[in-house]
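**Student:** Pasting in a structure now, in structure tokens, and then I'll have a few things to ask.
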Amino acid sequence: MSFLFGNLTPADLPHSWYMIGGTVTIAALLLVASALLTRFKRWGWLWREWLTSTDPKRIGVMYILMALAMLLRGGVDAGMIWLQQSLSVGASQGYLTASHFQQIFTAHGDIMVFFATMGLLIGLMNLVVPLQIGARDLAFPFLNSLGFWLYVAGAVLINAFFAFGGSYAATGWLSLPPLAELAYSPGVGVDYWVWSLQISGLGSLLSGLNFFVTILRKRAPGMTLMRMPLFTWTSLCASALILTAFPVLTVTTLLIWLDRFFGLHFFTTTNGGNPMMYVNLIWMWGHPEVYILVLPSFGVFSEVVSTFSGKRLFGYVSMVLAAITLTFLSSLVWLHHFFTMGSGADVNAAFGISTMLIAIPAGVQVFNWIATMWRGRIRLMTPLNWFLGFAVLFVFGGMAGVLLASPTADYQLHNTLFLVAHFHTMIVGVGLFGIFAGLTFWFPKIFGFRLDERWGKRAFWLWLVGFLAAFTPLYVLGAMGANRRLDHYAASTGYQPLYVMAGVGFLIILAGAVAQIIQVIVSVKHRAELRDRTGDPWDGRTLEWSVPSPAPFYNFAVIPTVRGRDAFRETKHAHAHPAKRYEDIVLAKNTGMGVSVSAFALLLGFALVWHILWMIALGAVGIVACLIVRSFDDDTEYVLPAAEVRRLESQRARV
Amino acid sequence: MTDERSDTAAFGFWVYLMTDLIVFATLFAAFFVLRGATFGGPAGRDIFRLPNALAETVILLASSLASSLAMNAVLRRRVRASLAWFGATFALGASFLALELSEFGRLIAQGDGPTRSAFLSAFFTLVGAHGLHIAIGLLWMIAGMIQLAVRGPRERTVSRLDRLNLFWHFLDLVWIFIFTAVYLVSFA
């Protein structure tokens, strides 16, 4: 172990084709971006307007860009998994070694959950929640910037092995011990896993806290809790779950790292360690996490269905109760992830029943959405398409979930592809479809023009057909007994045709993703025709549609007063335009401190992975120093004078 | 800095404290699961010294009182008295930490370090996590005292000290649980 580089030796540096390929790709992209920024002299603009921004809309856009990059990165992993499983049968070993294949499915899960879906969700919440509740900013703008940059630092660290060496964890996305202990995973892969999750998890926690406080404290006058739009409600529920679940993740991953770094015995097979405690702890975070990923999507669909049906949401109160019930129930079912642990019939039955109960609030939601559409003036636009696809998949995947909730069935299906198909239906068919619906729906509010309908619908159909083609075979394979994470199987199993069919589904999904990229390009090209001049392109019902598109950086020139549910709908047909009385607006200044703290956090994480002691000290001292400097800065806000607001507003009115 | 802003900050800090409480709850849960997993090594009653733990408890409780008096003085805009009481809080907190580290040192020296058994891993981690919080609180206290001394009792400084005070009481409360559930129960 050297002082300068810790455990990092030249032998660890990238040498395999995929790592060199990854490094070259990332380096090339960075070089192109740097060249463009230099060529157009945009470095200062990038730093001042974006990287240091505390405006939730800008932070939201950055979250979504980063998360989409991670979605592509995780998608490449998915393709590699499918290709290996389609090829590696009988005498053929496929094109990947077993250890490489294990790293890929581990990375696929972690990237998709922590960096793609979480990033998209928190990004969407940033874009929409302040506008929906009539606020100008979040409660803690600096923490928002810090949370985003910690998320970025985590994303960089989880990919750092490409360029800086070592390998990724080969332990499955939750790194269960004893496999993840030093004795069985001696490399640095699990350490990369721990620290990228610690850093990004802290970012998620800060975001959860911020949205929780913002929604409870910063609503416009008159917006009582039971007048909040459903997306805000589900964001509140998801934030509450982040607050209760993420501390458990932080502790659990820290404990396994203590085992690995200091030789402690929390989860080892010797000296009294208890690996099953890890499984309990990680799922106490893990199950609520699933609901963090899907709850905001339920909110999106409530907004979309009501807007595109031209009707008030049916059963508002029961929708709110359903979201709250899901929030509580999701914290009480973690054991269904390991019925096979053998906790006994009583414990398994209790958790089986609590799991089945989830079907009740879920069903209430589906019926309410359908009842909202009933006799509505339905406009079948892209966001509603995503809803219809989701409704089918949600019922389908939900029923598979109820089946898995029965311990007797679970003993057969545990760790098979049936389970893999089930949770992909929930996270893709519910989580991701909801996010796509939401991005299409709110895009004009952020960028000032709508997305192209034709390509949007094409993308939707490709995704839906592709999803069914890719995952229906996995349900069948699972029922046939195919284990998840197989890098090789015998020809006599008869699995291969189904794996190949799943691979075809992957290619169709890929075509869907390409259609989405084309959709954005086409829309930017035709932005003049697609421009949203009214600020209300869909005949919306909630406050975000009452401000112009793109929303001004101060959101509301005058904070609205809310008199009922569907706050904007209530006022827009009143034809009353009270004279606007502008006031001085206090806003948060931009700050580079989030970037600095996260840079030190990244350094600290990397140093902990490789045991580089001086760098550990540097990272820790850097973080503390930055926070102390920040605490001495009382000049974090500025005032936008009323006259300036008036000028900006009339300028907009003229355009 | 308006009152509303301070209130929001205080509310946010309470929410943070609840998440930190879950951190400790998880560590407590791990401790209780692994309490009996001594793997042939010592159990709590063999190695803990109750007078030491009691001294730590008394010192930390006294520091909480001092912290409250310091906060009281700040709210009355009596900077000098406040600094004195925060100084006392700091001294008490530092001596608490010294006692804890000496206990750790003693255990490690006699071969009962955290790598000895799962029970000791859980003990060192739970108590160490509390100690780390105390250390962070002490750093925060230095920064807060400098702000108070240099800038006087401005709204923002007072609001920060208010949260520090909350943090300190919170750590006191956690320690009461540690003293009871880790130390006292070992001799029950």
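If you're wondering about the labels, chains in the structure tokens are A, B, ... by order shown, residues count from 1 in each chain, ligands from 1 in order shown.
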Please, which residues of chain A lie no more than 9 Å from chain B when the count uses only C-alpha atoms, and can they be set out as a ChimeraX atom specification?
**Tutor:** /A:139-140,205-206,209-210,212-214,217-218,243-248,250-252,255,258-259,262-268,270-274,277,281,628,631-632,634
**Student:** Using only C-alpha atoms, determine which residues lie at most 10 Å from A:Leu380, disregarding the query and same-chain residues fewer than 6 positions distant; provide the list as a list in words.
**Tutor:** Phe308, Ser309, Trp386, Leu388 and Lys457 of chain A
**Student:** Using N, CA and C atoms, can you export the residues from the last selection as a JSON list (two decimals), in the first residue's frame?
**Tutor:**
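Output below, filename part25.json:
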```
[["chain", "number", "residue", "atom", "x", "y", "z"],
["A", 308, "PHE", "N", -56.80, 15.81, -19.40],
["A", 308, "PHE", "CA", -57.14, 15.39, -20.76],
["A", 308, "PHE", "C", -58.54, 14.76, -20.84],
["A", 309, "SER", "N", -59.22, 14.66, -19.70],
["A", 309, "SER", "CA", -60.62, 14.26, -19.75],
["A", 309, "SER", "C", -61.51, 15.48, -19.54],
["A", 386, "TRP", "N", -49.63, 7.51, -22.53],
["A", 386, "TRP", "CA", -48.78, 6.89, -21.51],
["A", 386, "TRP", "C", -49.64, 6.37, -20.37],
["A", 388, "LEU", "N", -52.76, 5.25, -20.51],
["A", 388, "LEU", "CA", -53.49, 4.04, -20.88],
["A", 388, "LEU", "C", -52.55, 2.83, -20.86],
["A", 457, "LYS", "N", -46.30, 9.84, -29.85],
["A", 457, "LYS", "CA", -47.15, 8.65, -29.89],
["A", 457, "LYS", "C", -46.39, 7.44, -30.42]]
```
**Student:** Taking the DSSP secondary structure from the backbone, can you list the residues of stretch 18-136 of chain B that are helix (DSSP H, G or I), as a PyMOL selection string?
**Tutor:** chain B and resi 18-34+44-47+50-75+79-109+118-136
**Student:** Hey, what's within 12 Å of A:Ser549 if we count only C-alpha atoms and toss same-chain stuff fewer than 3 positions away? As an mmCIF file with N, CA, C and O atoms, in the first residue's frame, please?
**Tutor:**
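Contents of result_36.cif, as written:
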```cif
data_model
loop_
_atom_site.group_PDB
_atom_site.id
_atom_site.type_symbol
_atom_site.label_atom_id
_atom_site.label_comp_id
_atom_site.auth_asym_id
_atom_site.auth_seq_id
_atom_site.Cartn_x
_atom_site.Cartn_y
_atom_site.Cartn_z
ATOM 1 N N LEU A 131 -44.241 25.355 -8.552
ATOM 2 C CA LEU A 131 -45.253 26.007 -9.377
ATOM 3 C C LEU A 131 -46.662 25.568 -8.970
ATOM 4 O O LEU A 131 -47.603 26.361 -8.989
ATOM 5 N N TRP A 442 -45.399 18.619 -18.831
ATOM 6 C CA TRP A 442 -44.878 19.870 -18.278
ATOM 7 C C TRP A 442 -43.762 20.485 -19.118
ATOM 8 O O TRP A 442 -43.287 21.571 -18.791
ATOM 9 N N PHE A 443 -43.356 19.810 -20.190
ATOM 10 C CA PHE A 443 -42.279 20.341 -21.037
ATOM 11 C C PHE A 443 -42.538 21.798 -21.459
ATOM 12 O O PHE A 443 -41.661 22.649 -21.322
ATOM 13 N N PRO A 444 -43.735 22.119 -21.980
ATOM 14 C CA PRO A 444 -43.961 23.502 -22.422
ATOM 15 C C PRO A 444 -43.825 24.518 -21.290
ATOM 16 O O PRO A 444 -43.429 25.659 -21.542
ATOM 17 N N LYS A 445 -44.132 24.120 -20.062
ATOM 18 C CA LYS A 445 -44.037 25.075 -18.954
ATOM 19 C C LYS A 445 -42.590 25.474 -18.695
ATOM 20 O O LYS A 445 -42.301 26.592 -18.260
ATOM 21 N N ILE A 446 -41.670 24.552 -18.991
ATOM 22 C CA ILE A 446 -40.266 24.836 -18.716
ATOM 23 C C ILE A 446 -39.581 25.443 -19.940
ATOM 24 O O ILE A 446 -38.788 26.362 -19.843
ATOM 25 N N PHE A 447 -39.897 24.911 -21.141
ATOM 26 C CA PHE A 447 -39.155 25.343 -22.322
ATOM 27 C C PHE A 447 -39.947 26.269 -23.235
ATOM 28 O O PHE A 447 -39.406 26.814 -24.180
ATOM 29 N N GLY A 448 -41.234 26.410 -23.005
ATOM 30 C CA GLY A 448 -42.004 27.368 -23.782
ATOM 31 C C GLY A 448 -42.609 26.814 -25.056
ATOM 32 O O GLY A 448 -43.297 27.526 -25.764
ATOM 33 N N PHE A 449 -42.335 25.543 -25.380
ATOM 34 C CA PHE A 449 -43.002 24.939 -26.533
ATOM 35 C C PHE A 449 -43.312 23.484 -26.250
ATOM 36 O O PHE A 449 -42.665 22.849 -25.432
ATOM 37 N N ARG A 450 -44.368 22.993 -26.939
ATOM 38 C CA ARG A 450 -44.797 21.625 -26.710
ATOM 39 C C ARG A 450 -43.882 20.643 -27.445
ATOM 40 O O ARG A 450 -43.152 21.033 -28.362
ATOM 41 N N LEU A 530 -44.876 25.121 -32.352
ATOM 42 C CA LEU A 530 -45.295 24.440 -31.127
ATOM 43 C C LEU A 530 -45.296 25.382 -29.928
ATOM 44 O O LEU A 530 -45.607 24.970 -28.811
ATOM 45 N N ARG A 531 -44.937 26.650 -30.164
ATOM 46 C CA ARG A 531 -44.793 27.572 -29.043
ATOM 47 C C ARG A 531 -46.091 27.689 -28.251
ATOM 48 O O ARG A 531 -47.183 27.696 -28.804
ATOM 49 N N ASP A 532 -45.933 27.755 -26.932
ATOM 50 C CA ASP A 532 -47.079 27.901 -26.051
ATOM 51 C C ASP A 532 -47.197 29.379 -25.674
ATOM 52 O O ASP A 532 -46.448 29.871 -24.847
ATOM 53 N N ARG A 533 -48.124 30.090 -26.306
ATOM 54 C CA ARG A 533 -48.226 31.535 -26.082
ATOM 55 C C ARG A 533 -49.092 31.887 -24.886
ATOM 56 O O ARG A 533 -49.007 32.969 -24.324
ATOM 57 N N THR A 534 -49.969 30.967 -24.511
ATOM 58 C CA THR A 534 -50.918 31.301 -23.445
ATOM 59 C C THR A 534 -50.408 30.921 -22.060
ATOM 60 O O THR A 534 -50.886 31.431 -21.060
ATOM 61 N N GLY A 535 -49.450 30.013 -22.015
ATOM 62 C CA GLY A 535 -49.033 29.479 -20.710
ATOM 63 C C GLY A 535 -49.936 28.345 -20.264
ATOM 64 O O GLY A 535 -49.715 27.742 -19.219
ATOM 65 N N ASP A 536 -50.964 28.061 -21.057
ATOM 66 C CA ASP A 536 -51.935 27.035 -20.670
ATOM 67 C C ASP A 536 -52.260 26.160 -21.877
ATOM 68 O O ASP A 536 -53.387 26.177 -22.381
ATOM 69 N N PRO A 537 -51.292 25.377 -22.341
ATOM 70 C CA PRO A 537 -51.476 24.680 -23.623
ATOM 71 C C PRO A 537 -52.491 23.536 -23.568
ATOM 72 O O PRO A 537 -53.005 23.142 -24.611
ATOM 73 N N GLU A 544 -49.704 25.889 -11.932
ATOM 74 C CA GLU A 544 -48.548 26.070 -12.818
ATOM 75 C C GLU A 544 -48.969 26.587 -14.184
ATOM 76 O O GLU A 544 -48.183 27.230 -14.886
ATOM 77 N N TRP A 545 -50.227 26.369 -14.586
ATOM 78 C CA TRP A 545 -50.670 26.819 -15.911
ATOM 79 C C TRP A 545 -51.133 28.269 -15.890
ATOM 80 O O TRP A 545 -51.500 28.817 -16.918
ATOM 81 N N SER A 546 -51.133 28.891 -14.701
ATOM 82 C CA SER A 546 -51.574 30.285 -14.624
ATOM 83 C C SER A 546 -50.437 31.247 -14.916
ATOM 84 O O SER A 546 -50.656 32.433 -15.109
ATOM 85 N N PRO A 552 -41.335 32.260 -15.607
ATOM 86 C CA PRO A 552 -40.254 33.189 -15.229
ATOM 87 C C PRO A 552 -39.476 32.657 -14.030
ATOM 88 O O PRO A 552 -39.979 31.820 -13.288
ATOM 89 N N PHE A 553 -38.234 33.154 -13.859
ATOM 90 C CA PHE A 553 -37.380 32.575 -12.809
ATOM 91 C C PHE A 553 -37.958 32.810 -11.426
ATOM 92 O O PHE A 553 -37.639 32.091 -10.494
ATOM 93 N N ASN A 555 -41.144 32.540 -10.867
ATOM 94 C CA ASN A 555 -42.390 31.771 -10.924
ATOM 95 C C ASN A 555 -43.643 32.644 -10.985
ATOM 96 O O ASN A 555 -44.327 32.674 -11.990
ATOM 97 N N PHE A 556 -43.951 33.333 -9.877
ATOM 98 C CA PHE A 556 -45.189 34.108 -9.811
ATOM 99 C C PHE A 556 -44.847 35.572 -9.566
ATOM 100 O O PHE A 556 -44.184 35.900 -8.583
ATOM 101 N N ARG A 652 -42.889 40.574 -21.237
ATOM 102 C CA ARG A 652 -43.466 39.296 -21.627
ATOM 103 C C ARG A 652 -44.786 39.501 -22.350
ATOM 104 O O ARG A 652 -45.064 38.849 -23.354
ATOM 105 N N ALA A 653 -45.611 40.384 -21.790
ATOM 106 C CA ALA A 653 -46.936 40.608 -22.371
ATOM 107 C C ALA A 653 -46.802 41.081 -23.806
ATOM 108 O O ALA A 653 -47.606 40.730 -24.667
ATOM 109 N N VAL A 655 -44.323 40.367 -25.938
ATOM 110 C CA VAL A 655 -43.901 39.244 -26.782
ATOM 111 C C VAL A 655 -45.077 38.306 -26.972
ATOM 112 O O VAL A 655 -45.749 38.195 -27.885
#
```
**Student:** With a distance cut-off of 10 Å and only C-alpha atoms, select the neighbouring residues of A:Gly401, excluding the residue or stretch itself and same-chain residues fewer than 6 positions from it, and output the selection as a PDB file with N, CA, C and O atoms, in the first residue's frame.
**Tutor:**
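See around.pdb below for the written result:
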```
ATOM      1  N   THR A 355     -48.937  -7.410   2.542  1.00  0.00           N
ATOM      2  CA  THR A 355     -48.586  -7.122   1.152  1.00  0.00           C
ATOM      3  C   THR A 355     -49.824  -7.124   0.260  1.00  0.00           C
ATOM      4  O   THR A 355     -49.997  -6.246  -0.589  1.00  0.00           O
ATOM      5  N   MET A 356     -50.695  -8.102   0.497  1.00  0.00           N
ATOM      6  CA  MET A 356     -51.900  -8.169  -0.336  1.00  0.00           C
ATOM      7  C   MET A 356     -52.784  -6.948  -0.125  1.00  0.00           C
ATOM      8  O   MET A 356     -53.479  -6.507  -1.039  1.00  0.00           O
ATOM      9  N   ILE A 358     -52.011  -4.023  -0.054  1.00  0.00           N
ATOM     10  CA  ILE A 358     -51.603  -2.931  -0.933  1.00  0.00           C
ATOM     11  C   ILE A 358     -52.487  -2.869  -2.173  1.00  0.00           C
ATOM     12  O   ILE A 358     -52.707  -1.802  -2.741  1.00  0.00           O
ATOM     13  N   ALA A 359     -53.036  -4.024  -2.554  1.00  0.00           N
ATOM     14  CA  ALA A 359     -53.882  -4.040  -3.745  1.00  0.00           C
ATOM     15  C   ALA A 359     -55.118  -3.154  -3.567  1.00  0.00           C
ATOM     16  O   ALA A 359     -55.688  -2.678  -4.552  1.00  0.00           O
ATOM     17  N   VAL A 395     -52.105  -2.949 -13.717  1.00  0.00           N
ATOM     18  CA  VAL A 395     -53.011  -4.004 -13.272  1.00  0.00           C
ATOM     19  C   VAL A 395     -52.342  -5.371 -13.448  1.00  0.00           C
ATOM     20  O   VAL A 395     -52.361  -6.227 -12.554  1.00  0.00           O
ATOM     21  N   PHE A 418     -39.679 -14.492 -12.976  1.00  0.00           N
ATOM     22  CA  PHE A 418     -41.038 -14.011 -12.729  1.00  0.00           C
ATOM     23  C   PHE A 418     -40.983 -12.755 -11.867  1.00  0.00           C
ATOM     24  O   PHE A 418     -41.640 -11.743 -12.135  1.00  0.00           O
ATOM     25  N   LEU A 419     -40.160 -12.802 -10.841  1.00  0.00           N
ATOM     26  CA  LEU A 419     -39.982 -11.652  -9.966  1.00  0.00           C
ATOM     27  C   LEU A 419     -39.364 -10.489 -10.740  1.00  0.00           C
ATOM     28  O   LEU A 419     -39.800  -9.340 -10.625  1.00  0.00           O
ATOM     29  N   HIS A 422     -41.937  -8.933 -12.745  1.00  0.00           N
ATOM     30  CA  HIS A 422     -42.872  -8.172 -11.909  1.00  0.00           C
ATOM     31  C   HIS A 422     -42.318  -6.794 -11.568  1.00  0.00           C
ATOM     32  O   HIS A 422     -42.963  -5.779 -11.783  1.00  0.00           O
ATOM     33  N   PHE A 423     -41.102  -6.741 -11.041  1.00  0.00           N
ATOM     34  CA  PHE A 423     -40.657  -5.411 -10.593  1.00  0.00           C
ATOM     35  C   PHE A 423     -40.275  -4.506 -11.757  1.00  0.00           C
ATOM     36  O   PHE A 423     -40.370  -3.288 -11.629  1.00  0.00           O
ATOM     37  N   THR A 425     -42.122  -4.435 -14.432  1.00  0.00           N
ATOM     38  CA  THR A 425     -43.424  -3.887 -14.804  1.00  0.00           C
ATOM     39  C   THR A 425     -43.753  -2.696 -13.917  1.00  0.00           C
ATOM     40  O   THR A 425     -44.283  -1.685 -14.378  1.00  0.00           O
ATOM     41  N   MET A 426     -43.430  -2.800 -12.622  1.00  0.00           N
ATOM     42  CA  MET A 426     -43.746  -1.699 -11.720  1.00  0.00           C
ATOM     43  C   MET A 426     -42.830  -0.494 -11.962  1.00  0.00           C
ATOM     44  O   MET A 426     -43.290   0.635 -12.031  1.00  0.00           O
TER      45      MET A 426
END
```
**Student:** Provide the atom CA of A:Val558 to atom CA of A:Met226 distance in Å, to one decimal place.
**Tutor:**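 Result for atom CA of A:Val558 versus atom CA of A:Met226: 22.6 Å, one decimal.
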**Student:** Using only C-alpha atoms, find the one residue out of B:Val182, B:Leu60, B:Ala10, B:Val127 that sits nearest to B:Trp168.
**Tutor:** B:Leu60
**Student:** Applying 12 Å and only C-alpha atoms, which residues near A:Arg73 remain after dropping the ones on its own chain fewer than 3 positions away? List them as a short mmCIF file (atom, residue, chain, number, x, y, z; two decimals) with N, CA, C and O atoms, in the first residue's frame.
**Tutor:**
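After the write, result07.cif holds the following:
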```cif
data_model
loop_
_atom_site.label_atom_id
_atom_site.label_comp_id
_atom_site.auth_asym_id
_atom_site.auth_seq_id
_atom_site.Cartn_x
_atom_site.Cartn_y
_atom_site.Cartn_z
N GLY A 22 -15.43 2.38 -22.48
CA GLY A 22 -16.21 3.32 -21.68
C GLY A 22 -15.44 4.60 -21.42
O GLY A 22 -15.95 5.71 -21.58
N THR A 25 -15.16 6.69 -24.56
CA THR A 25 -16.42 7.33 -24.89
C THR A 25 -16.67 8.54 -24.00
O THR A 25 -16.99 9.63 -24.49
N ILE A 26 -16.49 8.34 -22.67
CA ILE A 26 -16.75 9.46 -21.75
C ILE A 26 -15.78 10.60 -22.03
O ILE A 26 -16.18 11.77 -22.13
N MET A 66 -28.99 14.64 -16.50
CA MET A 66 -28.07 13.67 -15.92
C MET A 66 -28.74 12.29 -15.86
O MET A 66 -28.13 11.27 -16.18
N ALA A 67 -30.01 12.28 -15.42
CA ALA A 67 -30.71 11.00 -15.25
C ALA A 67 -30.94 10.33 -16.59
O ALA A 67 -30.86 9.10 -16.69
N LEU A 68 -31.22 11.12 -17.65
CA LEU A 68 -31.42 10.51 -18.96
C LEU A 68 -30.12 9.89 -19.45
O LEU A 68 -30.11 8.81 -20.06
N ALA A 69 -28.99 10.57 -19.17
CA ALA A 69 -27.69 9.98 -19.53
C ALA A 69 -27.51 8.65 -18.81
O ALA A 69 -27.06 7.66 -19.39
N MET A 70 -27.91 8.62 -17.53
CA MET A 70 -27.78 7.38 -16.76
C MET A 70 -28.76 6.32 -17.27
O MET A 70 -28.46 5.13 -17.24
N VAL A 76 -27.71 0.40 -21.90
CA VAL A 76 -26.64 -0.37 -22.55
C VAL A 76 -26.38 -1.66 -21.76
O VAL A 76 -26.23 -2.75 -22.33
N ASP A 77 -26.35 -1.52 -20.42
CA ASP A 77 -26.19 -2.71 -19.57
C ASP A 77 -27.29 -3.73 -19.87
O ASP A 77 -27.02 -4.93 -20.00
N ALA A 78 -28.53 -3.24 -19.96
CA ALA A 78 -29.66 -4.14 -20.20
C ALA A 78 -29.46 -4.90 -21.50
O ALA A 78 -29.66 -6.12 -21.58
N GLY A 79 -29.03 -4.17 -22.54
CA GLY A 79 -28.79 -4.81 -23.83
C GLY A 79 -27.72 -5.87 -23.73
O GLY A 79 -27.84 -6.96 -24.31
N MET A 80 -26.65 -5.57 -22.96
CA MET A 80 -25.56 -6.54 -22.83
C MET A 80 -26.04 -7.79 -22.09
O MET A 80 -25.65 -8.91 -22.43
N ILE A 104 -22.19 -6.40 -14.72
CA ILE A 104 -23.14 -5.67 -15.55
C ILE A 104 -24.53 -5.69 -14.94
O ILE A 104 -25.19 -4.64 -14.86
N ALA A 107 -24.51 -3.35 -11.93
CA ALA A 107 -24.50 -1.94 -12.32
C ALA A 107 -25.84 -1.53 -12.92
O ALA A 107 -26.35 -0.44 -12.65
N HIS A 108 -26.43 -2.42 -13.72
CA HIS A 108 -27.72 -2.09 -14.34
C HIS A 108 -28.75 -1.72 -13.27
O HIS A 108 -29.41 -0.68 -13.36
N GLY A 109 -28.87 -2.56 -12.24
CA GLY A 109 -29.85 -2.29 -11.18
C GLY A 109 -29.54 -1.00 -10.44
O GLY A 109 -30.42 -0.16 -10.25
N ASP A 110 -28.29 -0.82 -10.03
CA ASP A 110 -27.95 0.37 -9.24
C ASP A 110 -28.13 1.64 -10.05
O ASP A 110 -28.68 2.63 -9.56
N ILE A 111 -27.64 1.62 -11.29
CA ILE A 111 -27.74 2.82 -12.13
C ILE A 111 -29.21 3.17 -12.36
O ILE A 111 -29.61 4.33 -12.24
N MET A 112 -30.01 2.18 -12.69
CA MET A 112 -31.40 2.47 -13.02
C MET A 112 -32.19 2.97 -11.82
O MET A 112 -32.98 3.90 -11.93
N PHE A 115 -29.81 6.28 -10.01
CA PHE A 115 -29.36 7.41 -10.80
C PHE A 115 -30.28 7.76 -11.96
O PHE A 115 -30.40 8.92 -12.32
N ALA A 116 -30.97 6.77 -12.54
CA ALA A 116 -31.92 7.10 -13.61
C ALA A 116 -33.27 7.50 -13.00
O ALA A 116 -33.68 8.66 -13.07
N ALA A 155 -23.09 9.68 -9.03
CA ALA A 155 -23.14 9.12 -10.38
C ALA A 155 -21.74 9.02 -10.98
O ALA A 155 -21.41 8.06 -11.68
N ILE A 158 -19.87 6.06 -9.22
CA ILE A 158 -20.29 4.70 -9.59
C ILE A 158 -19.72 4.34 -10.97
O ILE A 158 -19.60 3.16 -11.31
N ASN A 159 -19.37 5.36 -11.75
CA ASN A 159 -18.79 5.09 -13.07
C ASN A 159 -17.27 5.28 -13.08
O ASN A 159 -16.63 5.12 -14.13
#
```
**Student:** Find, counting only C-alpha atoms, the residue in A:Ile133, A:Val402, A:Leu464, A:Leu384 that gets nearest to A:Val428.
**Tutor:**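 Smallest distance to A:Val428 is found for A:Leu464.
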**Student:** Between atom CA of A:Asn348 and atom CA of A:Leu417, what is the spacing in Å?
**Tutor:**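 For atom CA of A:Leu417 relative to atom CA of A:Asn348, the distance reads 21.6 Å.
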**Student:** Do a neighbour search on B:Gly152 at 10 Å with only C-alpha atoms, toss out local chain neighbours closer than 5 positions, and write the hits as a VMD selection string.
**Tutor:** chain B and resid 74 77 to 80 145 to 147 157 to 158
